[in-house]
Amino acid sequence: MYLSIDFEDFNHDLKRSLGIWKTGPLNKDFLWEKYSIINSLFKSSSTKKGRSGTFFCTGIIASKEPELIKKISSDGHEIACHYNYHDVMEGQSEYEIEKNLTEAKNALEEASGKPVHGFRAPMFSIDKHNSYQYKIVEKLFTYDSSFSCTTKAELKKFKRKMKLEKLKILPIFHKKISKFKFRLGGSYLKLFPYIYSKRMFEMSLKNGFTPHIYLHPYEFGVSEQLRVPKDELLSLGMMKAFYWSIRQNQWLKFRNETLKFKLGNLLLNNNLEGTLYDFSLSTQFLN
């Protein structure tokens, strides 16, 4: 199985998405602390290649805390791109997309000292109906992990629709129920019982996909220190401030402590297989 981390600053990114600020200081101590926990998980792998994983990092972290990106890279992990800011890409112009991707890639490569090959859109929010955004990604990266699907037929159809020639698509497995896509990772992993994770893992294998789990730093234990306080939310109005005060529990608190148990059980009988870039180059990768 593969494990990748969407390495981002929840507090910074939520305030940007709500229009509270364009940018501000990062929660550097938190990011270092959570990286240490995640790194220890990788280093405990029973296989040598499993001791390295992929971190999809935002460019703003590379710009404001380059030493952390350098540390992740020097520990043997792959640095991949998670856009410049944690912004929704859908609806952005070609100019905005290329500018943000180029800035992020340059900052990540400068901080890590290594080429950046992979990309994942924040919240998987890249335009999947028109090809122009993916064509820009193809120009800058070797592989993308912003697409989720259930079958390999869906994957092939998507690649044709996006008119992709060189870009490899490394998807996240999902099960669609009605209009909802339930993915293998993220909030789905911590919110639902372990049997959900186990079943999704088995279904991924059955459909021909090596299981790939994605997670975020704030999911590794309760992360109350990232909460945007209500007084900072009041500029949105009372109702929105109340909503976002409550909504943050989903990411920072609710069932976060169950993640260690679920992930531990999945790892008990399934080895970590290394970085996504290495997987994209392997003979078993038939995309």
# chains A, B, ... in the order shown; residues from 1 in each chain; ligands from 1

$ residues_around --residues "Lys22 in chain A" --least-positions-apart "4" --cutoff "12 Å" --atoms "only C-alpha atoms" --output "list in words"
His12, Asp13, Leu14, Lys15, Arg16, Ser17, Leu18, Ile60, Tyr85, His86 and Asp87 of chain A

$ write_last_selection --atoms "C-alpha atoms" --output "PDB file, in the first residue's frame"
ATOM      1  CA  HIS A  12      -3.659  29.426   7.494  1.00  0.00           C
ATOM      2  CA  ASP A  13      -5.574  27.844   4.628  1.00  0.00           C
ATOM      3  CA  LEU A  14      -9.036  28.059   6.206  1.00  0.00           C
ATOM      4  CA  LYS A  15      -8.597  31.763   6.965  1.00  0.00           C
ATOM      5  CA  ARG A  16      -7.514  32.349   3.365  1.00  0.00           C
ATOM      6  CA  SER A  17     -10.475  30.395   1.952  1.00  0.00           C
ATOM      7  CA  LEU A  18     -12.904  32.379   4.151  1.00  0.00           C
ATOM      8  CA  ILE A  60       3.617  28.714   0.869  1.00  0.00           C
ATOM      9  CA  TYR A  85      -1.809  28.235  -1.746  1.00  0.00           C
ATOM     10  CA  HIS A  86      -4.469  25.704  -0.754  1.00  0.00           C
ATOM     11  CA  ASP A  87      -6.939  27.217  -3.227  1.00  0.00           C
TER      12      ASP A  87
END

$ select_by_dssp --residues "range 113-279 of chain A" --states "helix (DSSP H, G or I)" --output "VMD selection string"
chain A and resid 122 to 124 132 to 140 152 to 161 186 to 191 194 to 206 217 to 219 224 to 226 230 to 236 238 to 252 256 to 268 276 to 279

$ residues_around --residues "range 238-246 of chain A" --least-positions-apart "5" --cutoff "8 Å" --atoms "only C-alpha atoms" --output "ChimeraX atom specification"
/A:228-230,233

$ write_last_selection --atoms "C-alpha atoms" --output "compact mmCIF listing (two decimals), in the first residue's frame"
# COMPACT_ATOMS: atom_id res chain seq x y z
CA VAL A 228 -9.57 29.47 13.99
CA PRO A 229 -11.15 31.12 17.07
CA LYS A 230 -14.65 32.54 16.95
CA LEU A 233 -14.60 34.43 12.42

$ select_by_dssp --residues "range 69-194 of chain A" --states "strand (DSSP E)" --output "list in words"
Glu78, Ile79, Ala80, Cys81, Gly118, Phe119, Tyr143, Asp144, Ser148, Cys149, Lys168, Ile169, Ile172, Phe173, His174, Lys175, Lys176, Ile177, Phe180, Lys181, Phe182 and Arg183 of chain A

$ write_last_selection --atoms "N, CA and C atoms" --output "PDB file, in the first residue's frame"
ATOM      1  N   GLU A  78       9.735  11.929  -0.629  1.00  0.00           N
ATOM      2  CA  GLU A  78       9.512  12.671  -1.865  1.00  0.00           C
ATOM      3  C   GLU A  78       8.716  13.938  -1.566  1.00  0.00           C
ATOM      4  N   ILE A  79       9.207  15.063  -2.074  1.00  0.00           N
ATOM      5  CA  ILE A  79       8.459  16.323  -2.017  1.00  0.00           C
ATOM      6  C   ILE A  79       7.689  16.467  -3.320  1.00  0.00           C
ATOM      7  N   ALA A  80       6.373  16.545  -3.203  1.00  0.00           N
ATOM      8  CA  ALA A  80       5.508  16.773  -4.358  1.00  0.00           C
ATOM      9  C   ALA A  80       4.729  18.068  -4.131  1.00  0.00           C
ATOM     10  N   CYS A  81       4.027  18.509  -5.145  1.00  0.00           N
ATOM     11  CA  CYS A  81       3.380  19.826  -5.112  1.00  0.00           C
ATOM     12  C   CYS A  81       1.891  19.733  -4.787  1.00  0.00           C
ATOM     13  N   GLY A 118       5.588  15.258  -8.810  1.00  0.00           N
ATOM     14  CA  GLY A 118       4.177  14.947  -8.631  1.00  0.00           C
ATOM     15  C   GLY A 118       3.327  16.125  -8.208  1.00  0.00           C
ATOM     16  N   PHE A 119       2.039  16.026  -8.495  1.00  0.00           N
ATOM     17  CA  PHE A 119       1.094  17.082  -8.131  1.00  0.00           C
ATOM     18  C   PHE A 119      -0.217  16.486  -7.648  1.00  0.00           C
ATOM     19  N   TYR A 143       3.614  13.133 -12.879  1.00  0.00           N
ATOM     20  CA  TYR A 143       2.382  12.426 -12.529  1.00  0.00           C
ATOM     21  C   TYR A 143       1.455  13.329 -11.730  1.00  0.00           C
ATOM     22  N   ASP A 144       0.176  12.945 -11.711  1.00  0.00           N
ATOM     23  CA  ASP A 144      -0.852  13.661 -10.967  1.00  0.00           C
ATOM     24  C   ASP A 144      -1.642  12.677 -10.112  1.00  0.00           C
ATOM     25  N   SER A 148      -9.936  10.580  -8.666  1.00  0.00           N
ATOM     26  CA  SER A 148     -10.365   9.365  -7.983  1.00  0.00           C
ATOM     27  C   SER A 148     -11.335   8.613  -8.870  1.00  0.00           C
ATOM     28  N   CYS A 149     -11.332   7.288  -8.774  1.00  0.00           N
ATOM     29  CA  CYS A 149     -12.196   6.472  -9.623  1.00  0.00           C
ATOM     30  C   CYS A 149     -12.400   5.104  -8.983  1.00  0.00           C
ATOM     31  N   LYS A 168       1.179  10.853 -16.137  1.00  0.00           N
ATOM     32  CA  LYS A 168       0.646   9.640 -15.525  1.00  0.00           C
ATOM     33  C   LYS A 168      -0.360  10.027 -14.437  1.00  0.00           C
ATOM     34  N   ILE A 169      -1.480   9.333 -14.400  1.00  0.00           N
ATOM     35  CA  ILE A 169      -2.504   9.585 -13.398  1.00  0.00           C
ATOM     36  C   ILE A 169      -2.452   8.468 -12.368  1.00  0.00           C
ATOM     37  N   ILE A 172      -6.807   7.927  -6.626  1.00  0.00           N
ATOM     38  CA  ILE A 172      -7.282   7.469  -5.325  1.00  0.00           C
ATOM     39  C   ILE A 172      -8.546   6.667  -5.574  1.00  0.00           C
ATOM     40  N   PHE A 173      -8.647   5.502  -4.967  1.00  0.00           N
ATOM     41  CA  PHE A 173      -9.840   4.675  -5.157  1.00  0.00           C
ATOM     42  C   PHE A 173     -11.026   5.291  -4.419  1.00  0.00           C
ATOM     43  N   HIS A 174     -12.196   5.273  -5.069  1.00  0.00           N
ATOM     44  CA  HIS A 174     -13.410   5.707  -4.391  1.00  0.00           C
ATOM     45  C   HIS A 174     -14.566   4.772  -4.717  1.00  0.00           C
ATOM     46  N   LYS A 175     -15.552   4.784  -3.850  1.00  0.00           N
ATOM     47  CA  LYS A 175     -16.802   4.076  -4.067  1.00  0.00           C
ATOM     48  C   LYS A 175     -17.898   5.120  -4.123  1.00  0.00           C
ATOM     49  N   LYS A 176     -18.634   5.164  -5.225  1.00  0.00           N
ATOM     50  CA  LYS A 176     -19.672   6.165  -5.393  1.00  0.00           C
ATOM     51  C   LYS A 176     -21.015   5.620  -4.921  1.00  0.00           C
ATOM     52  N   ILE A 177     -21.642   6.353  -4.017  1.00  0.00           N
ATOM     53  CA  ILE A 177     -22.972   6.022  -3.531  1.00  0.00           C
ATOM     54  C   ILE A 177     -23.840   7.248  -3.745  1.00  0.00           C
ATOM     55  N   PHE A 180     -22.374  10.895  -3.928  1.00  0.00           N
ATOM     56  CA  PHE A 180     -21.223  11.053  -3.047  1.00  0.00           C
ATOM     57  C   PHE A 180     -20.115  10.056  -3.381  1.00  0.00           C
ATOM     58  N   LYS A 181     -18.876  10.550  -3.339  1.00  0.00           N
ATOM     59  CA  LYS A 181     -17.711   9.709  -3.563  1.00  0.00           C
ATOM     60  C   LYS A 181     -17.004   9.478  -2.227  1.00  0.00           C
ATOM     61  N   PHE A 182     -16.952   8.236  -1.795  1.00  0.00           N
ATOM     62  CA  PHE A 182     -16.286   7.882  -0.549  1.00  0.00           C
ATOM     63  C   PHE A 182     -14.889   7.379  -0.888  1.00  0.00           C
ATOM     64  N   ARG A 183     -13.885   8.115  -0.443  1.00  0.00           N
ATOM     65  CA  ARG A 183     -12.501   7.818  -0.824  1.00  0.00           C
ATOM     66  C   ARG A 183     -11.777   7.001   0.247  1.00  0.00           C
TER      67      ARG A 183
END

$ residues_around --residues "Pro211 in chain A" --least-positions-apart "3" --cutoff "8 Å" --atoms "only C-alpha atoms" --output "ChimeraX atom specification"
/A:1-2,172-173,184,201,204-205

$ write_last_selection --atoms "N, CA and C atoms" --output "short mmCIF file (atom, residue, chain, number, x, y, z; two decimals), in the first residue's frame"
data_model
loop_
_atom_site.label_atom_id
_atom_site.label_comp_id
_atom_site.auth_asym_id
_atom_site.auth_seq_id
_atom_site.Cartn_x
_atom_site.Cartn_y
_atom_site.Cartn_z
N MET A 1 0.83 -1.19 0.00
CA MET A 1 0.00 0.00 0.00
C MET A 1 0.87 1.25 0.00
N TYR A 2 0.32 2.34 -0.47
CA TYR A 2 1.02 3.62 -0.49
C TYR A 2 0.32 4.60 0.44
N ILE A 172 -6.81 7.93 -6.63
CA ILE A 172 -7.28 7.47 -5.32
C ILE A 172 -8.55 6.67 -5.57
N PHE A 173 -8.65 5.50 -4.97
CA PHE A 173 -9.84 4.67 -5.16
C PHE A 173 -11.03 5.29 -4.42
N LEU A 184 -10.64 6.45 -0.16
CA LEU A 184 -9.78 5.70 0.75
C LEU A 184 -8.77 6.67 1.35
N PHE A 201 -10.17 -0.92 1.23
CA PHE A 201 -8.86 -1.47 0.90
C PHE A 201 -9.02 -2.71 0.02
N SER A 204 -10.35 -1.84 -3.47
CA SER A 204 -9.31 -1.25 -4.29
C SER A 204 -8.48 -2.35 -4.96
N LEU A 205 -8.08 -3.32 -4.18
CA LEU A 205 -7.30 -4.45 -4.72
C LEU A 205 -8.11 -5.23 -5.75
#

$ residues_around --residues "Ser4 in chain A" --least-positions-apart "4" --cutoff "7 Å" --atoms "only C-alpha atoms" --output "PyMOL selection string"
chain A and resi 53-55+213-215

$ write_last_selection --atoms "C-alpha atoms" --output "mmCIF file, in the first residue's frame"
data_model
loop_
_atom_site.group_PDB
_atom_site.id
_atom_site.type_symbol
_atom_site.label_atom_id
_atom_site.label_comp_id
_atom_site.auth_asym_id
_atom_site.auth_seq_id
_atom_site.Cartn_x
_atom_site.Cartn_y
_atom_site.Cartn_z
ATOM 1 C CA GLY A 53 6.733 8.385 1.479
ATOM 2 C CA THR A 54 5.322 11.273 -0.548
ATOM 3 C CA PHE A 55 4.475 14.672 0.946
ATOM 4 C CA ILE A 213 -4.257 6.221 1.380
ATOM 5 C CA TYR A 214 -3.966 9.996 1.708
ATOM 6 C CA LEU A 215 -3.939 11.848 5.039
#

$ atom_distance --atom1 "CA of Ser46 in chain A" --atom2 "CA of Asn271 in chain A"
7.1 Å

$ residues_around --residues "range 103-112 of chain A" --least-positions-apart "3" --cutoff "7 Å" --atoms "only C-alpha atoms" --output "PDB file with C-alpha atoms, in the first residue's frame"
ATOM      1  CA  THR A  58       1.926  23.745  -0.509  1.00  0.00           C
ATOM      2  CA  GLY A  59       4.329  26.280  -1.965  1.00  0.00           C
ATOM      3  CA  ALA A  62       8.335  26.111   1.140  1.00  0.00           C
ATOM      4  CA  SER A  63       8.431  29.918   0.974  1.00  0.00           C
ATOM      5  CA  PRO A  66      12.017  26.127   3.738  1.00  0.00           C
ATOM      6  CA  GLU A  67      13.999  24.327   6.442  1.00  0.00           C
ATOM      7  CA  ILE A  69      10.795  21.099   3.391  1.00  0.00           C
ATOM      8  CA  LYS A  70      14.552  20.516   3.366  1.00  0.00           C
ATOM      9  CA  SER A  73      13.484  15.727   1.743  1.00  0.00           C
ATOM     10  CA  CYS A  81       3.380  19.826  -5.112  1.00  0.00           C
ATOM     11  CA  TYR A  83      -0.353  24.036  -5.345  1.00  0.00           C
ATOM     12  CA  ASN A  84       1.030  27.376  -4.108  1.00  0.00           C
ATOM     13  CA  LYS A  99       1.576  31.073 -12.264  1.00  0.00           C
ATOM     14  CA  ASN A 100       0.646  29.254  -9.046  1.00  0.00           C
ATOM     15  CA  PRO A 115      13.188  17.937  -8.673  1.00  0.00           C
ATOM     16  CA  VAL A 116       9.444  17.884  -7.967  1.00  0.00           C
TER      17      VAL A 116
END

$ closest_residue --among "A:Leu167, A:Leu155, A:Leu3, A:Lys179" --to "Leu266 in chain A" --atoms "only C-alpha atoms"
A:Leu3
